[in-house]
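Pasting input-v7.cif here (mmCIF, C-alpha atoms):
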```
data_coords
#
loop_
_atom_site.label_atom_id
_atom_site.label_comp_id
_atom_site.auth_asym_id
_atom_site.auth_seq_id
_atom_site.Cartn_x
_atom_site.Cartn_y
_atom_site.Cartn_z
CA MET A 1 127.54 99.19 129.04
CA LEU A 2 124.33 97.18 128.85
CA ASP A 3 121.75 97.81 131.57
CA PHE A 4 121.08 94.22 132.62
CA MET A 5 118.03 95.14 134.70
CA LYS A 6 116.45 96.62 131.55
CA GLU A 7 117.03 93.25 129.89
CA ALA A 8 115.26 91.54 132.80
CA ILE A 9 112.40 94.03 132.37
CA LYS A 10 112.16 92.99 128.69
CA GLU A 11 111.68 89.42 129.91
CA ALA A 12 109.01 90.58 132.37
CA GLN A 13 107.23 92.33 129.49
CA LYS A 14 107.17 89.02 127.57
CA ALA A 15 105.50 87.38 130.58
CA TYR A 16 102.97 90.25 130.75
CA GLU A 17 102.12 89.79 127.07
CA GLU A 18 101.61 86.04 127.68
CA ASP A 19 99.24 86.81 130.60
CA GLU A 20 101.81 85.57 133.11
CA VAL A 21 102.87 87.41 136.26
CA PRO A 22 105.40 89.87 134.78
CA ILE A 23 108.70 88.87 136.32
CA GLY A 24 111.86 88.49 134.29
CA ALA A 25 115.43 87.42 134.91
CA VAL A 26 118.75 87.34 133.11
CA ILE A 27 121.97 85.62 134.15
CA VAL A 28 125.26 87.30 133.33
CA VAL A 29 128.78 85.85 133.23
CA ASP A 30 131.79 87.94 132.22
CA ASN A 31 129.50 90.88 131.43
CA LYS A 32 127.49 88.84 128.87
CA ILE A 33 123.95 87.51 129.18
CA ILE A 34 124.08 83.72 129.05
CA ALA A 35 120.45 82.99 129.96
CA ARG A 36 117.05 84.65 130.09
CA GLY A 37 113.77 83.67 131.67
CA HIS A 38 110.29 84.92 132.36
CA ASN A 39 107.39 83.41 134.25
CA ARG A 40 105.70 80.53 132.38
CA ARG A 41 103.60 78.84 135.09
CA GLU A 42 100.26 79.29 133.33
CA LYS A 43 101.44 78.36 129.87
CA LEU A 44 103.35 75.28 131.05
CA GLN A 45 101.00 74.47 133.97
CA ASN A 46 104.03 73.95 136.16
CA ALA A 47 104.35 75.66 139.55
CA LEU A 48 108.14 75.61 139.28
CA LYS A 49 108.41 77.71 136.13
CA HIS A 50 109.35 81.02 137.72
CA SER A 51 111.63 83.33 135.73
CA GLU A 52 114.62 82.62 137.98
CA ILE A 53 114.26 78.84 137.69
CA ILE A 54 113.95 79.00 133.90
CA ALA A 55 117.03 81.23 133.67
CA ILE A 56 119.01 78.91 135.98
CA GLU A 57 118.05 75.88 133.88
CA LYS A 58 119.19 77.62 130.69
CA ALA A 59 122.45 78.83 132.26
CA CYS A 60 123.29 75.35 133.56
CA LYS A 61 122.64 73.90 130.12
CA LYS A 62 124.78 76.56 128.42
CA LEU A 63 127.69 76.15 130.85
CA LYS A 64 127.22 72.36 131.13
CA SER A 65 127.38 72.69 134.90
CA TRP A 66 124.99 73.13 137.80
CA ARG A 67 127.54 75.42 139.45
CA LEU A 68 127.02 79.04 138.37
CA GLU A 69 129.72 80.42 140.67
CA ASN A 70 130.73 83.38 138.49
CA ALA A 71 127.20 84.35 137.56
CA ILE A 72 125.13 87.39 138.48
CA MET A 73 121.35 87.17 138.26
CA TYR A 74 119.31 90.28 137.55
CA VAL A 75 115.65 89.76 138.40
CA THR A 76 112.84 92.28 138.37
CA LEU A 77 111.27 91.25 141.68
CA GLU A 78 112.81 90.07 144.94
CA PRO A 79 113.00 86.27 144.66
CA CYS A 80 110.47 84.04 146.41
CA PRO A 81 111.65 81.36 148.88
CA MET A 82 111.72 78.63 146.21
CA CYS A 83 113.83 80.73 143.87
CA ALA A 84 116.12 81.91 146.67
CA GLY A 85 116.84 78.27 147.48
CA ALA A 86 117.52 77.47 143.83
CA ILE A 87 119.82 80.49 143.53
CA ALA A 88 121.84 79.34 146.54
CA ASN A 89 121.97 75.75 145.31
CA ALA A 90 123.15 76.89 141.87
CA ARG A 91 126.01 78.75 143.61
CA ILE A 92 125.11 82.04 141.89
CA ALA A 93 127.55 84.69 143.11
CA LYS A 94 125.20 87.66 143.24
CA VAL A 95 121.52 88.51 142.84
CA VAL A 96 120.42 92.01 141.88
CA TYR A 97 116.69 92.64 142.16
CA GLY A 98 114.82 95.68 140.94
CA CYS A 99 111.67 95.79 143.08
CA LYS A 100 110.88 94.71 146.61
CA GLU A 101 108.12 92.19 147.22
CA LYS A 102 105.40 94.42 148.68
CA SER A 103 103.41 91.64 150.32
CA ALA A 104 106.40 90.28 152.23
CA GLY A 105 108.53 92.92 153.89
CA ASP A 106 109.95 90.31 156.25
CA GLY A 107 113.35 89.89 154.60
CA LEU A 108 112.70 86.20 153.92
CA CYS A 109 114.75 86.14 150.73
CA GLU A 110 117.75 87.58 152.56
CA LYS A 111 117.22 85.19 155.49
CA ILE A 112 117.26 82.22 153.13
CA LEU A 113 120.32 83.40 151.20
CA THR A 114 122.29 84.08 154.40
CA SER A 115 121.15 81.00 156.32
CA PRO A 116 123.94 79.21 158.21
CA ARG A 117 122.50 75.95 156.85
CA LEU A 118 123.76 76.85 153.37
CA ASN A 119 127.38 76.44 152.39
CA HIS A 120 126.99 79.09 149.65
CA LYS A 121 125.65 82.55 150.36
CA PRO A 122 125.05 84.71 147.28
CA GLU A 123 125.45 88.46 147.60
CA LEU A 124 122.07 90.22 147.47
CA GLU A 125 121.65 93.75 146.10
CA TYR A 126 118.57 95.92 145.70
CA ASP A 127 118.84 98.20 142.67
CA ASP A 128 115.94 100.65 142.78
CA LYS A 129 116.82 102.49 139.55
CA HIS A 130 113.87 100.88 137.69
CA SER A 131 111.67 100.03 140.69
CA GLU A 132 108.83 102.38 139.66
CA GLU A 133 108.65 100.89 136.16
CA ILE A 134 108.69 97.34 137.51
CA SER A 135 106.15 98.11 140.23
CA LYS A 136 103.82 99.75 137.70
CA MET A 137 103.99 96.71 135.41
CA LEU A 138 103.08 94.41 138.32
CA THR A 139 100.29 96.72 139.56
CA ASP A 140 98.84 97.05 136.05
CA PHE A 141 98.92 93.28 135.58
CA PHE A 142 97.08 92.51 138.81
CA SER A 143 94.60 95.36 138.28
CA ARG A 144 93.78 93.92 134.86
CA LYS A 145 93.40 90.43 136.34
CA ARG A 146 90.92 91.68 138.97
CA GLN A 147 88.79 93.27 136.22
CA THR A 148 88.38 90.02 134.27
#
```
What does the file become when written as structure tokens?
Amino acid sequence: MLDFMKEAIKEAQKAYEEDEVPIGAVIVVDNKIIARGHNRREKLQNALKHSEIIAIEKACKKLKSWRLENAIMYVTLEPCPMCAGAIANARIAKVVYGCKEKSAGDGLCEKILTSPRLNHKPELEYDDKHSEEISKMLTDFFSRKRQT
């Protein structure tokens, strides 16, 4: 069986190579990847172009629907508030993330996804199997940025 988090890591590596914050995402339906995304904010000069948003846009286009009710998103880093909102609005069934956001620690992503204001609450799962690899990629990226 395909390790979907490893596929999200491949997307994060693409972002790293493009000098973007290395975060990647894949969206899976029926055990098949239907969409991929990695950060593109710098290249596209668009604050909205996070990996999750790009993957959601591609999945909606592929399925010809904004409702991704049977989808699972695998993302390398715990989603930010903007992406958590988009995930809930896209009706994604489950989000699996591979590394916790070190600067947050306040559970904001979970608070957003479980908010009583939302009529759809995706399941949220932390999969730490690749957390060291993901964390190292992020640390290396920001260390390199501070040196330039």
Exercise. Hey, what comes out of the PyMOL selection byres ((chain A and resi 106-111) around 8) on this file? Could you write it as a PyMOL selection string?
Worked result: chain A and resi 78-81+84+104-105+112-115+124
Exercise. The PyMOL selection byres ((chain A and resi 128) around 9) on the file shown: which residues, as a PyMOL selection string?
Worked result: chain A and resi 97-100+126-127+129-132
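Put simply, atom CA of Met5 of chain A is 21.7 Å away from atom CA of Ser103 of chain A.
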Exercise. Which residues, written as a VMD selection string, have at least one atom at most 7 Å from segment 57-63 of chain A, with all atoms listed in the file counted and residues fewer than 3 positions away on the same chain left out?
Worked result: chain A and resid 34 to 35 53 to 54 66
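Within 12 Å of Asn31 of chain A, once all atoms listed in the file are used and residues closer than 3 positions along the same chain are dropped, the contacting residues are A:Met1, A:Leu2, A:Asp3, A:Phe4, A:Val26, A:Ile27, A:Val28, A:Ile34, A:Asn70, A:Ala71, A:Ile72, A:Met73, A:Tyr74.
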Exercise. What is the distance, in Å and to one decimal place, between atom CA of Ile87 of chain A and atom CA of Asp140 of chain A?
Worked result: 27.8 Å
Can you write segment 63-87 of chain A from the block above with N, CA, C and O atoms, as a short mmCIF file (atom, residue, chain, number, x, y, z; two decimals), in the first residue's frame?
```cif
data_model
loop_
_atom_site.label_atom_id
_atom_site.label_comp_id
_atom_site.auth_asym_id
_atom_site.auth_seq_id
_atom_site.Cartn_x
_atom_site.Cartn_y
_atom_site.Cartn_z
N LEU A 63 -12.93 16.38 -9.47
CA LEU A 63 -14.22 15.76 -9.14
C LEU A 63 -15.41 16.58 -9.64
O LEU A 63 -16.56 16.14 -9.49
N LYS A 64 -15.13 17.78 -10.16
CA LYS A 64 -16.19 18.69 -10.63
C LYS A 64 -17.20 18.98 -9.51
O LYS A 64 -18.41 19.02 -9.73
N SER A 65 -16.66 19.18 -8.32
CA SER A 65 -17.50 19.46 -7.16
C SER A 65 -16.67 20.15 -6.09
O SER A 65 -15.49 19.83 -5.91
N TRP A 66 -17.28 21.06 -5.34
CA TRP A 66 -16.58 21.67 -4.22
C TRP A 66 -16.67 20.81 -2.98
O TRP A 66 -15.98 21.03 -2.00
N ARG A 67 -17.52 19.79 -3.02
CA ARG A 67 -17.69 18.89 -1.89
C ARG A 67 -16.74 17.70 -2.03
O ARG A 67 -16.88 16.90 -2.95
N LEU A 68 -15.81 17.59 -1.10
CA LEU A 68 -14.82 16.52 -1.12
C LEU A 68 -15.08 15.55 0.05
O LEU A 68 -14.19 15.17 0.79
N GLU A 69 -16.33 15.16 0.18
CA GLU A 69 -16.81 14.42 1.36
C GLU A 69 -16.14 13.07 1.59
O GLU A 69 -16.07 12.61 2.72
N ASN A 70 -15.65 12.43 0.58
CA ASN A 70 -15.01 11.12 0.74
C ASN A 70 -13.49 11.22 0.70
O ASN A 70 -12.82 10.20 0.58
N ALA A 71 -12.98 12.41 0.80
CA ALA A 71 -11.54 12.62 0.64
C ALA A 71 -10.79 12.63 1.97
O ALA A 71 -11.33 13.04 2.99
N ILE A 72 -9.55 12.19 1.89
CA ILE A 72 -8.61 12.29 3.00
C ILE A 72 -7.45 13.14 2.52
O ILE A 72 -6.90 12.89 1.44
N MET A 73 -7.09 14.14 3.31
CA MET A 73 -5.93 14.96 2.99
C MET A 73 -4.77 14.54 3.87
O MET A 73 -4.92 14.42 5.08
N TYR A 74 -3.62 14.32 3.24
CA TYR A 74 -2.37 14.08 3.95
C TYR A 74 -1.52 15.32 3.74
O TYR A 74 -1.27 15.71 2.59
N VAL A 75 -1.11 15.95 4.82
CA VAL A 75 -0.34 17.19 4.73
C VAL A 75 0.83 17.09 5.70
O VAL A 75 0.71 16.54 6.79
N THR A 76 1.97 17.61 5.29
CA THR A 76 3.18 17.43 6.08
C THR A 76 3.17 18.20 7.39
O THR A 76 3.74 17.74 8.37
N LEU A 77 2.53 19.35 7.43
CA LEU A 77 2.50 20.17 8.63
C LEU A 77 1.06 20.46 9.03
O LEU A 77 0.20 20.66 8.17
N GLU A 78 0.82 20.52 10.31
CA GLU A 78 -0.50 20.87 10.85
C GLU A 78 -1.03 22.11 10.12
O GLU A 78 -0.33 23.12 10.02
N PRO A 79 -2.23 22.06 9.59
CA PRO A 79 -2.75 23.18 8.82
C PRO A 79 -2.88 24.48 9.61
O PRO A 79 -3.18 24.48 10.81
N CYS A 80 -2.67 25.58 8.92
CA CYS A 80 -2.86 26.91 9.50
C CYS A 80 -4.36 27.20 9.58
O CYS A 80 -5.18 26.46 9.02
N PRO A 81 -4.76 28.29 10.24
CA PRO A 81 -6.19 28.62 10.35
C PRO A 81 -6.89 28.77 8.99
O PRO A 81 -8.02 28.30 8.83
N MET A 82 -6.22 29.41 8.03
CA MET A 82 -6.84 29.59 6.72
C MET A 82 -7.12 28.24 6.07
O MET A 82 -8.23 27.99 5.56
N CYS A 83 -6.14 27.36 6.11
CA CYS A 83 -6.29 26.06 5.48
C CYS A 83 -7.29 25.19 6.22
O CYS A 83 -8.05 24.45 5.60
N ALA A 84 -7.31 25.28 7.55
CA ALA A 84 -8.30 24.53 8.33
C ALA A 84 -9.71 24.93 7.92
O ALA A 84 -10.59 24.08 7.75
N GLY A 85 -9.92 26.23 7.74
CA GLY A 85 -11.23 26.70 7.29
C GLY A 85 -11.59 26.18 5.91
O GLY A 85 -12.72 25.75 5.67
N ALA A 86 -10.62 26.19 5.01
CA ALA A 86 -10.86 25.68 3.65
C ALA A 86 -11.15 24.19 3.67
O ALA A 86 -12.02 23.71 2.94
N ILE A 87 -10.43 23.45 4.51
CA ILE A 87 -10.65 22.01 4.63
C ILE A 87 -12.08 21.74 5.10
O ILE A 87 -12.78 20.88 4.54
#
```
